[in-house]
file structure03.tsv (TSV, C-alpha atoms and all ligand atoms)
chain	number	residue	atom	x	y	z
S	1	MET	CA	-9.11	-17.83	-22.09
S	2	MET	CA	-9.23	-21.29	-20.54
S	3	ASP	CA	-5.57	-22.07	-21.36
S	4	ALA	CA	-4.19	-18.66	-20.45
S	5	THR	CA	-1.77	-18.60	-17.51
S	6	ASP	CA	-2.72	-16.78	-14.34
S	7	ALA	CA	-0.22	-14.06	-15.21
S	8	VAL	CA	-1.91	-13.47	-18.57
S	9	LEU	CA	-5.36	-13.34	-16.96
S	10	ILE	CA	-4.11	-10.87	-14.37
S	11	GLU	CA	-2.61	-8.66	-17.03
S	12	LYS	CA	-5.83	-8.72	-19.04
S	13	ALA	CA	-7.93	-8.05	-15.95
S	14	LEU	CA	-5.76	-5.05	-15.12
S	15	GLY	CA	-6.31	-3.90	-18.70
S	16	GLY	CA	-10.09	-3.92	-18.15
S	17	ASP	CA	-11.04	-7.44	-19.29
S	18	GLU	CA	-13.89	-8.50	-17.00
S	19	GLN	CA	-14.03	-12.02	-18.42
S	20	ALA	CA	-10.35	-12.56	-17.67
S	21	PHE	CA	-10.94	-11.69	-14.03
S	22	ALA	CA	-14.00	-13.95	-13.94
S	23	GLU	CA	-11.84	-16.82	-15.24
S	24	LEU	CA	-9.23	-16.11	-12.56
S	25	VAL	CA	-11.95	-16.22	-9.88
S	26	ARG	CA	-13.29	-19.45	-11.35
S	27	ARG	CA	-9.87	-21.05	-10.99
S	28	TYR	CA	-9.46	-20.21	-7.32
S	29	GLN	CA	-12.98	-19.97	-5.94
S	30	GLY	CA	-12.95	-23.68	-4.98
S	31	ALA	CA	-9.86	-23.23	-2.82
S	32	VAL	CA	-11.18	-19.99	-1.34
S	33	CYS	CA	-14.60	-21.53	-0.63
S	34	GLY	CA	-12.86	-24.43	1.15
S	35	VAL	CA	-10.75	-22.22	3.41
S	36	VAL	CA	-13.60	-19.79	4.11
S	37	ARG	CA	-16.11	-22.52	4.83
S	38	ARG	CA	-13.74	-24.38	7.13
S	39	LEU	CA	-12.71	-21.26	9.01
S	40	LEU	CA	-16.12	-19.63	9.36
S	41	GLY	CA	-18.05	-22.89	9.70
S	42	ALA	CA	-21.61	-23.27	8.50
S	43	SER	CA	-22.24	-19.57	8.79
S	44	PRO	CA	-24.58	-17.75	6.42
S	45	ASP	CA	-21.97	-15.10	5.66
S	46	TRP	CA	-19.42	-17.42	4.06
S	47	GLU	CA	-20.54	-16.48	0.54
S	48	ASP	CA	-20.01	-12.80	1.36
S	49	ALA	CA	-16.56	-13.71	2.63
S	50	VAL	CA	-15.70	-15.37	-0.70
S	51	GLN	CA	-16.91	-12.33	-2.64
S	52	GLU	CA	-15.09	-9.93	-0.32
S	53	THR	CA	-11.86	-11.93	-0.72
S	54	PHE	CA	-11.89	-11.61	-4.50
S	55	LEU	CA	-12.94	-7.96	-4.43
S	56	ARG	CA	-9.99	-7.22	-2.14
S	57	ALA	CA	-7.74	-9.26	-4.41
S	58	PHE	CA	-9.00	-7.24	-7.37
S	59	SER	CA	-8.30	-3.89	-5.79
S	60	ALA	CA	-4.79	-5.04	-4.87
S	61	LEU	CA	-4.17	-6.80	-8.19
S	62	GLY	CA	-1.92	-4.02	-9.45
S	63	LYS	CA	0.44	-4.71	-6.54
S	64	PHE	CA	0.54	-8.46	-7.16
S	65	ASP	CA	3.81	-9.76	-8.58
S	66	PRO	CA	2.80	-12.33	-11.25
S	67	ARG	CA	6.13	-14.13	-10.89
S	68	TYR	CA	4.70	-15.65	-7.72
S	69	PRO	CA	1.78	-18.09	-7.58
S	70	PHE	CA	-1.64	-16.45	-7.27
S	71	GLY	CA	-3.15	-19.21	-5.08
S	72	PRO	CA	-1.34	-18.60	-1.77
S	73	TRP	CA	-1.76	-14.84	-2.26
S	74	VAL	CA	-5.53	-14.97	-2.66
S	75	LEU	CA	-5.78	-17.55	0.14
S	76	ARG	CA	-3.87	-15.19	2.39
S	77	ILE	CA	-6.46	-12.50	1.71
S	78	ALA	CA	-9.22	-15.00	2.47
S	79	THR	CA	-7.52	-16.22	5.67
S	80	ASN	CA	-6.88	-12.70	6.97
S	81	TYR	CA	-10.48	-11.75	6.27
S	82	CYS	CA	-11.78	-14.83	8.10
S	83	ILE	CA	-9.46	-14.30	11.06
S	84	ASP	CA	-10.85	-10.76	11.37
S	85	GLN	CA	-14.40	-12.06	11.18
S	86	LEU	CA	-13.69	-14.70	13.80
S	87	ARG	CA	-12.24	-12.09	16.14
S	88	LYS	CA	-15.40	-10.04	15.75
S	89	ARG	CA	-17.62	-13.00	16.52
S	90	LYS	CA	-18.52	-13.33	20.14
S	91	ASN	CA	-20.67	-15.64	22.19
S	92	MET	CA	-20.66	-18.44	19.65
S	93	LYS	CA	-23.36	-20.82	20.69
S	94	THR	CA	-21.87	-24.13	21.67
S	95	ARG	CA	-23.51	-27.10	23.20
S	96	LEU	CA	-22.18	-27.92	26.65
S	97	TRP	CA	-21.14	-31.40	27.61
S	98	SER	CA	-23.72	-31.35	30.39
S	99	GLU	CA	-26.45	-30.70	27.82
S	100	LEU	CA	-25.80	-34.00	26.08
S	101	GLY	CA	-27.61	-37.21	26.96
S	102	GLU	CA	-25.74	-39.95	28.77
S	103	LEU	CA	-25.63	-42.19	25.71
S	104	GLU	CA	-24.38	-39.36	23.54
S	105	GLN	CA	-21.64	-38.56	26.07
S	106	GLU	CA	-20.54	-42.17	26.19
S	107	ARG	CA	-20.46	-42.48	22.43
S	108	LEU	CA	-18.50	-39.27	21.96
S	109	LEU	CA	-15.96	-40.23	24.61
S	110	ARG	CA	-15.50	-43.59	22.98
S	111	ASP	CA	-15.21	-42.23	19.49
S	112	PHE	CA	-13.39	-38.97	20.02
S	113	SER	CA	-10.73	-40.13	22.41
S	114	GLY	CA	-10.99	-43.89	22.24
S	115	GLU	CA	-8.17	-45.96	20.80
S	116	ASP	CA	-10.18	-47.77	18.17
S	117	ALA	CA	-12.12	-44.70	17.14
S	118	ARG	CA	-10.89	-44.71	13.58
S	119	ASP	CA	-12.02	-48.26	12.96
S	120	SER	CA	-15.58	-47.77	14.11
S	121	THR	CA	-16.69	-46.15	10.90
S	122	GLY	CA	-20.01	-48.00	10.73
S	123	ALA	CA	-23.16	-46.00	11.39
S	124	ARG	CA	-21.87	-42.68	12.61
S	125	ASP	CA	-23.95	-39.62	13.14
S	126	VAL	CA	-21.91	-37.42	10.84
S	127	ASP	CA	-23.70	-34.20	11.80
S	128	GLY	CA	-23.14	-34.80	15.49
S	129	TYR	CA	-19.42	-35.31	15.00
S	130	ALA	CA	-19.06	-32.35	12.74
S	131	GLU	CA	-20.81	-30.23	15.36
S	132	ILE	CA	-18.51	-31.34	18.18
S	133	ALA	CA	-15.43	-31.00	15.99
S	134	GLN	CA	-16.53	-27.53	14.89
S	135	THR	CA	-17.19	-26.57	18.53
S	136	LEU	CA	-13.68	-27.60	19.55
S	137	VAL	CA	-12.00	-25.96	16.58
S	138	ASN	CA	-14.08	-22.80	16.96
S	139	GLY	CA	-12.77	-22.47	20.48
S	140	LEU	CA	-9.22	-22.02	19.17
S	141	ASN	CA	-7.50	-18.69	18.74
S	142	PRO	CA	-8.34	-17.75	15.09
S	143	LYS	CA	-4.66	-17.76	14.10
S	144	TYR	CA	-4.16	-21.27	15.45
S	145	LYS	CA	-7.40	-22.36	13.87
S	146	ALA	CA	-6.31	-21.11	10.44
S	147	ALA	CA	-2.96	-22.89	10.73
S	148	PHE	CA	-4.64	-26.12	11.86
S	149	VAL	CA	-7.24	-26.10	9.09
S	150	LEU	CA	-4.65	-25.39	6.38
S	151	ARG	CA	-2.21	-28.03	7.61
S	152	GLU	CA	-4.35	-30.81	9.07
S	153	VAL	CA	-7.66	-30.56	7.24
S	154	GLU	CA	-6.45	-29.31	3.87
S	155	GLU	CA	-3.12	-31.18	4.10
S	156	ARG	CA	-0.99	-28.34	2.80
S	157	GLU	CA	2.81	-28.35	3.17
S	158	TYR	CA	4.20	-26.10	5.92
S	159	GLY	CA	5.87	-23.94	3.29
S	160	GLU	CA	2.51	-23.19	1.73
S	161	VAL	CA	0.78	-22.74	5.09
S	162	ALA	CA	3.45	-20.18	5.99
S	163	LYS	CA	2.95	-18.31	2.70
S	164	ILE	CA	-0.81	-18.19	3.21
S	165	LEU	CA	-0.50	-17.06	6.82
S	166	GLY	CA	2.23	-14.60	5.94
S	167	THR	CA	4.54	-16.04	8.59
S	168	SER	CA	7.78	-17.99	8.70
S	169	GLU	CA	7.60	-21.76	8.42
S	170	VAL	CA	8.70	-22.05	12.04
S	171	THR	CA	5.80	-19.86	13.17
S	172	ALA	CA	3.38	-21.94	11.09
S	173	ARG	CA	4.68	-25.10	12.78
S	174	VAL	CA	4.38	-23.54	16.21
S	175	ARG	CA	0.79	-22.51	15.53
S	176	VAL	CA	-0.23	-25.96	14.31
S	177	SER	CA	1.43	-27.57	17.30
S	178	ARG	CA	-0.30	-25.14	19.70
S	179	ALA	CA	-3.63	-25.81	17.99
S	180	ARG	CA	-3.15	-29.54	18.57
S	181	SER	CA	-2.41	-29.04	22.27
S	182	GLU	CA	-5.24	-26.55	22.66
S	183	LEU	CA	-7.73	-28.95	21.06
S	184	GLN	CA	-6.83	-31.56	23.62
S	185	LYS	CA	-7.28	-29.04	26.46
S	186	LYS	CA	-10.57	-27.80	25.02
S	187	PHE	CA	-11.85	-31.32	24.70
S	188	ASN	CA	-10.91	-32.15	28.30
S	189	ALA	CA	-12.43	-28.91	29.58
S	190	TRP	CA	-15.55	-29.35	27.48
S	191	ARG	CA	-15.91	-32.93	28.68
S	192	ALA	CA	-15.51	-31.79	32.25
S	193	GLY	CA	-18.68	-29.78	31.64
S	194	ARG	CA	-17.18	-26.34	31.67
S	195	GLY	CA	-17.63	-25.99	27.93
S	196	GLU	CA	-14.70	-23.60	27.77
S	197	ARG	CA	-15.25	-20.93	25.16
S	198	GLY	CA	-12.61	-19.58	22.80
S	199	ARG	CA	-10.22	-16.89	23.91
R	1	MET	CA	-1.89	-39.32	31.37
R	2	ASP	CA	1.29	-37.23	31.66
R	3	LYS	CA	3.90	-36.56	29.02
R	4	THR	CA	6.78	-38.97	28.93
R	5	HIS	CA	9.95	-39.27	26.90
R	6	GLY	CA	8.88	-39.67	23.28
R	7	CYS	CA	5.80	-37.41	23.40
R	8	GLU	CA	7.80	-34.62	21.79
R	9	LEU	CA	7.80	-36.58	18.53
R	10	LEU	CA	4.02	-36.49	18.17
R	11	ASP	CA	3.94	-33.36	15.98
R	12	ARG	CA	6.58	-34.69	13.63
R	13	TYR	CA	4.85	-38.07	13.49
R	14	ARG	CA	1.55	-36.42	12.57
R	15	ASP	CA	3.35	-34.37	9.96
R	16	GLY	CA	4.90	-37.49	8.46
R	17	GLU	CA	8.39	-36.16	9.06
R	18	LEU	CA	9.95	-39.05	10.99
R	19	ASP	CA	12.27	-41.47	9.21
R	20	GLY	CA	11.63	-45.22	9.26
R	21	SER	CA	13.27	-46.09	12.58
R	22	GLN	CA	11.96	-42.98	14.35
R	23	ARG	CA	8.46	-43.81	13.13
R	24	GLU	CA	8.68	-47.36	14.45
R	25	GLY	CA	10.03	-45.97	17.71
R	26	PHE	CA	7.10	-43.59	18.04
R	27	LYS	CA	4.61	-46.38	17.28
R	28	ARG	CA	6.12	-48.36	20.17
R	29	HIS	CA	5.80	-45.23	22.31
R	30	LEU	CA	2.13	-44.89	21.31
R	31	ALA	CA	1.48	-48.41	22.56
R	32	VAL	CA	2.56	-47.47	26.07
R	33	CYS	CA	1.69	-43.74	26.24
R	34	GLU	CA	-1.97	-43.02	26.91
R	35	TYR	CA	-1.37	-39.27	26.61
R	36	CYS	CA	-0.22	-39.53	22.98
R	37	ARG	CA	-2.78	-42.19	22.07
R	38	THR	CA	-5.63	-40.01	23.30
R	39	ARG	CA	-4.29	-36.97	21.53
R	40	MET	CA	-3.78	-38.85	18.26
R	41	ALA	CA	-7.33	-40.25	18.39
R	42	LEU	CA	-8.85	-36.88	19.17
R	43	LEU	CA	-6.99	-35.12	16.37
R	44	ASP	CA	-7.76	-37.88	13.86
R	45	ASN	CA	-11.43	-37.65	14.70
R	46	VAL	CA	-11.62	-33.87	14.63
R	47	VAL	CA	-9.84	-33.81	11.28
R	48	SER	CA	-11.96	-36.53	9.71
R	49	ALA	CA	-15.17	-34.90	10.99
R	50	LEU	CA	-14.12	-31.57	9.47
R	51	ARG	CA	-13.13	-33.22	6.21
R	52	ARG	CA	-16.46	-35.00	5.95
R	53	GLU	CA	-18.26	-31.69	6.00
R	54	THR	CA	-19.10	-31.03	2.40
R	55	VAL	CA	-17.77	-27.78	1.07
R	56	GLN	CA	-20.00	-26.73	-1.74
R	57	THR	CA	-18.43	-24.48	-4.31
R	58	VAL	CA	-20.87	-21.99	-5.74
R	59	ASP	CA	-19.86	-20.45	-9.04
R	60	LEU	CA	-19.59	-16.80	-8.05
R	61	ALA	CA	-17.05	-15.87	-10.74
R	62	ASP	CA	-19.29	-13.81	-13.01
R	63	ARG	CA	-21.03	-12.06	-10.13
R	64	ILE	CA	-17.72	-11.17	-8.47
R	65	ALA	CA	-16.16	-9.93	-11.71
R	66	ARG	CA	-19.24	-7.80	-12.39
R	67	ARG	CA	-19.04	-6.30	-8.90
R	68	ALA	CA	-15.30	-5.67	-9.18
R	69	PHE	CA	-15.62	-3.93	-12.54
R	70	GLY	CA	-18.72	-2.11	-11.35
R	71	GLN	CA	-16.57	-0.52	-8.65
R	72	VAL	CA	-13.98	0.47	-11.22
R	73	ALA	CA	-16.68	2.04	-13.40
R	74	ALA	CA	-18.02	3.92	-10.40
R	75	LEU	CA	-14.55	5.25	-9.57
R	76	ALA	CA	-13.98	6.28	-13.18
R	77	ALA	CA	-17.36	8.00	-13.23
R	78	ASP	CA	-16.29	10.00	-10.20
R	79	ALA	CA	-13.59	11.66	-12.25
R	80	SER	CA	-15.77	12.76	-15.16
R	81	TRP	CA	-18.47	15.48	-15.53
R	82	ASP	CA	-20.96	12.85	-16.67
R	83	GLY	CA	-20.08	10.95	-13.53
R	84	LEU	CA	-20.62	14.02	-11.44
R	85	LEU	CA	-24.16	14.25	-12.76
R	86	ALA	CA	-24.73	10.53	-12.35
R	87	SER	CA	-23.26	10.61	-8.87
R	88	TRP	CA	-26.41	12.31	-7.56
R	89	PHE	CA	-27.99	8.90	-7.71
R	90	ARG	CA	-25.12	7.00	-6.15
R	91	PRO	CA	-25.47	5.16	-2.84
R	92	ARG	CA	-22.73	7.11	-1.08
R	93	LEU	CA	-24.54	10.39	-1.62
R	94	ALA	CA	-27.88	8.87	-0.75
R	95	PHE	CA	-26.28	7.68	2.45
R	96	LEU	CA	-24.92	11.15	3.18
R	97	ALA	CA	-28.35	12.68	2.59
R	98	PHE	CA	-29.94	10.08	4.82
R	99	GLY	CA	-27.37	10.82	7.53
R	100	THR	CA	-28.02	14.56	7.32
R	101	THR	CA	-31.77	13.99	7.56
R	102	LEU	CA	-31.18	11.80	10.59
R	103	VAL	CA	-29.09	14.49	12.30
R	104	LEU	CA	-31.77	17.12	11.55
R	105	CYS	CA	-34.49	14.84	12.91
R	106	ALA	CA	-32.41	14.23	16.02
R	107	LEU	CA	-31.99	17.98	16.55
R	108	LEU	CA	-35.72	18.51	16.20
R	109	TRP	CA	-36.35	15.56	18.50
R	110	PHE	CA	-34.29	17.10	21.29
R	111	ALA	CA	-35.72	20.56	20.92
R	112	PRO	CA	-37.60	21.34	24.15
R	113	GLY	CA	-41.19	20.18	24.12
R	114	VAL	CA	-40.89	18.08	20.99
R	115	GLY	CA	-41.10	14.28	20.90
R	116	GLN	CA	-41.21	11.64	23.56
R	117	ALA	CA	-38.10	10.92	25.62
R	118	LYS	CA	-36.95	7.32	25.70
R	119	GLU	CA	-35.18	5.46	28.44
R	120	TYR	CA	-31.97	4.86	26.50
R	121	GLU	CA	-31.66	8.61	25.94
R	122	TYR	CA	-31.46	9.12	29.66
R	123	GLU	CA	-27.77	10.05	29.51
R	124	LYS	CA	-28.24	12.62	26.76
R	125	LEU	CA	-31.25	14.08	28.50
R	126	LEU	CA	-29.26	14.45	31.67
R	127	ASN	CA	-26.73	16.52	29.78
R	128	GLN	CA	-29.26	18.63	27.97
R	129	ALA	CA	-31.94	19.20	30.52
R	130	ASP	CA	-32.13	22.35	32.53
R	131	ALA	CA	-30.03	21.81	35.65
R	132	ALA	CA	-32.29	23.87	37.87
R	133	ASN	CA	-35.37	21.91	36.90
R	134	LEU	CA	-33.59	18.61	37.31
R	135	ALA	CA	-32.07	19.22	40.70
R	136	GLU	CA	-35.32	18.72	42.55
R	137	THR	CA	-36.27	15.58	40.62
R	138	LEU	CA	-32.86	13.99	41.17
R	139	LEU	CA	-33.06	14.62	44.89
R	140	THR	CA	-36.45	13.05	45.25
R	141	SER	CA	-36.27	9.95	43.06
R	142	SER	CA	-34.00	7.10	42.12
R	143	ASP	CA	-32.44	6.88	38.67
R	144	THR	CA	-34.92	4.29	37.50
R	145	GLU	CA	-37.89	6.28	38.68
R	146	PHE	CA	-36.43	9.35	37.04
R	147	ALA	CA	-35.97	7.53	33.76
R	148	LEU	CA	-39.52	6.23	33.96
R	149	THR	CA	-40.75	9.75	34.60
R	150	LEU	CA	-38.97	10.87	31.44
R	151	VAL	CA	-40.45	8.07	29.38
R	152	GLN	CA	-43.96	8.41	30.67
R	153	GLY	CA	-44.10	12.14	31.11
R	154	GLY	CA	-42.39	13.05	27.86
R	155	GLY	CA	-39.82	15.19	29.62
R	156	VAL	CA	-39.40	16.97	32.90
R	157	TRP	CA	-39.01	20.51	31.76
T	201	ZN	ZN	3.56	-39.80	24.67

call {"tool": "encode", "arguments": {"input": "structure03.tsv", "output": "structure tokens"}}
result
Amino acid sequence: MMDATDAVLIEKALGGDEQAFAELVRRYQGAVCGVVRRLLGASPDWEDAVQETFLRAFSALGKFDPRYPFGPWVLRIATNYCIDQLRKRKNMKTRLWSELGELEQERLLRDFSGEDARDSTGARDVDGYAEIAQTLVNGLNPKYKAAFVLREVEEREYGEVAKILGTSEVTARVRVSRARSELQKKFNAWRAGRGERGR
Amino acid sequence: MDKTHGCELLDRYRDGELDGSQREGFKRHLAVCEYCRTRMALLDNVVSALRRETVQTVDLADRIARRAFGQVAALAADASWDGLLASWFRPRLAFLAFGTTLVLCALLWFAPGVGQAKEYEYEKLLNQADAANLAETLLTSSDTEFALTLVQGGGVW
């Protein structure tokens, strides 16, 4: 079972082999968890999202063409599901710039937009940064967010990003580029104290 | 902090798609362009903060496979006589029964003289109540007072 190709596992799963499907899930759950967790953030429903992704994949398995790689296909299901969830989410609680202490503001300005930010790796408050980064990224249009996470955070090639998003490579590039510009705008707006929320 | 000539290469620089001389050119641009420097720093920091977040992978494989095949079994059961018998105990039917009970309860609830009216049912009550009885009340009180009357008095008819 461990050495079987994805195509063999899929065929067995379609033939009623539960263990074959479990093995297929085991192979891709890491990638799916990564995408889901990065798109939905530290939300309690990310585990449901992972399960839902594979259940959807299972019900569509008969339509899957095993000549193509399974990874991008299952990640597309995961990404679409997360984009839907993100659209449904409203009023995400974000901390406003004005709610931060003066020292915290200074430090974030220095580290998030300062020139030598990357070198000051010493004693950083990892949670604080993750929170600000998540706030900025959460403010993005879900489609831009997905493209940004896949390309910048997960370092996938544009070809793969496009396959996962179900778009052309040009569209994937446009979305990543828009996400980059939007992040800058969000950061400026957030810093100005308006704490602009996502569209 | 405005865009200048050279800023348009930022995306391709970030994507590692510039050749040697273009890359050197963009680095020289970075040295003089605050707009690009700020953007690069922001993106680098957002990305590294997101990457630092640990993504724990929980092994859900067996649970998911069991659920997936459980659904298949349920669908197969639907098609058989045994399944028909078993389906009396299935969640979908239980849900249907629950829904029907709810509708019946609601009907009883709105039957004149039964149950206590609640404020959020104001709209429904307006539609159902006897127009003749209501006319006087509506003329003499504001909407809020009227709603309060309904809640406290258990109905106006
Ligand atoms: Zn520039």

call {"tool": "atom_distance", "arguments": {"input": "structure03.tsv", "atom1": "atom CA of S:Phe21", "atom2": "atom CA of R:Ala76"}}
result
18.2 Å

call {"tool": "interface_residues", "arguments": {"input": "structure03.tsv", "of": "chain R", "to": "chain S", "cutoff": "7 Å", "atoms": "all atoms listed in the file", "output": "PyMOL selection string"}}
result
chain R and resi 11+37-39+41-42+45-47+49-51+53+55+57+61-62+64-65+68-69

call {"tool": "residues_near_ligand", "arguments": {"input": "structure03.tsv", "ligand": "ligand ZN 201 (chain T)", "cutoff": "6 Å", "atoms": "all atoms listed in the file", "output": "list in words"}}
result
Lys3, Thr4, Gly6, Cys7, Cys33, Tyr35 and Cys36 of chain R

call {"tool": "closest_residue", "arguments": {"input": "structure03.tsv", "among": "S:Gly159, S:Gly15, S:Pro142, S:Gly166", "to": "S:Cys82", "atoms": "all atoms listed in the file"}}
result
S:Pro142

call {"tool": "atom_distance", "arguments": {"input": "structure03.tsv", "atom1": "atom CA of R:Gly16", "atom2": "atom CA of S:Asn188"}}
result
25.9 Å

call {"tool": "atom_distance", "arguments": {"input": "structure03.tsv", "atom1": "atom CA of S:Leu14", "atom2": "atom CA of S:Pro72"}}
result
19.5 Å

call {"tool": "closest_residue", "arguments": {"input": "structure03.tsv", "among": "S:Ala146, S:Ser43, S:Asp48, S:Lys186", "to": "S:Ile83", "atoms": "all atoms listed in the file"}}
result
S:Ala146

call {"tool": "residues_near_point", "arguments": {"input": "structure03.tsv", "point": "(7.8, -36.3, 13.4)", "cutoff": "12 Å", "atoms": "only C-alpha atoms", "output": "list of chain:residue names"}}
result
S:Arg173, S:Ser177, R:Gly6, R:Cys7, R:Glu8, R:Leu9, R:Leu10, R:Asp11, R:Arg12, R:Tyr13, R:Arg14, R:Asp15, R:Gly16, R:Glu17, R:Leu18, R:Asp19, R:Gly20, R:Ser21, R:Gln22, R:Arg23, R:Glu24, R:Gly25, R:Phe26, R:Lys27
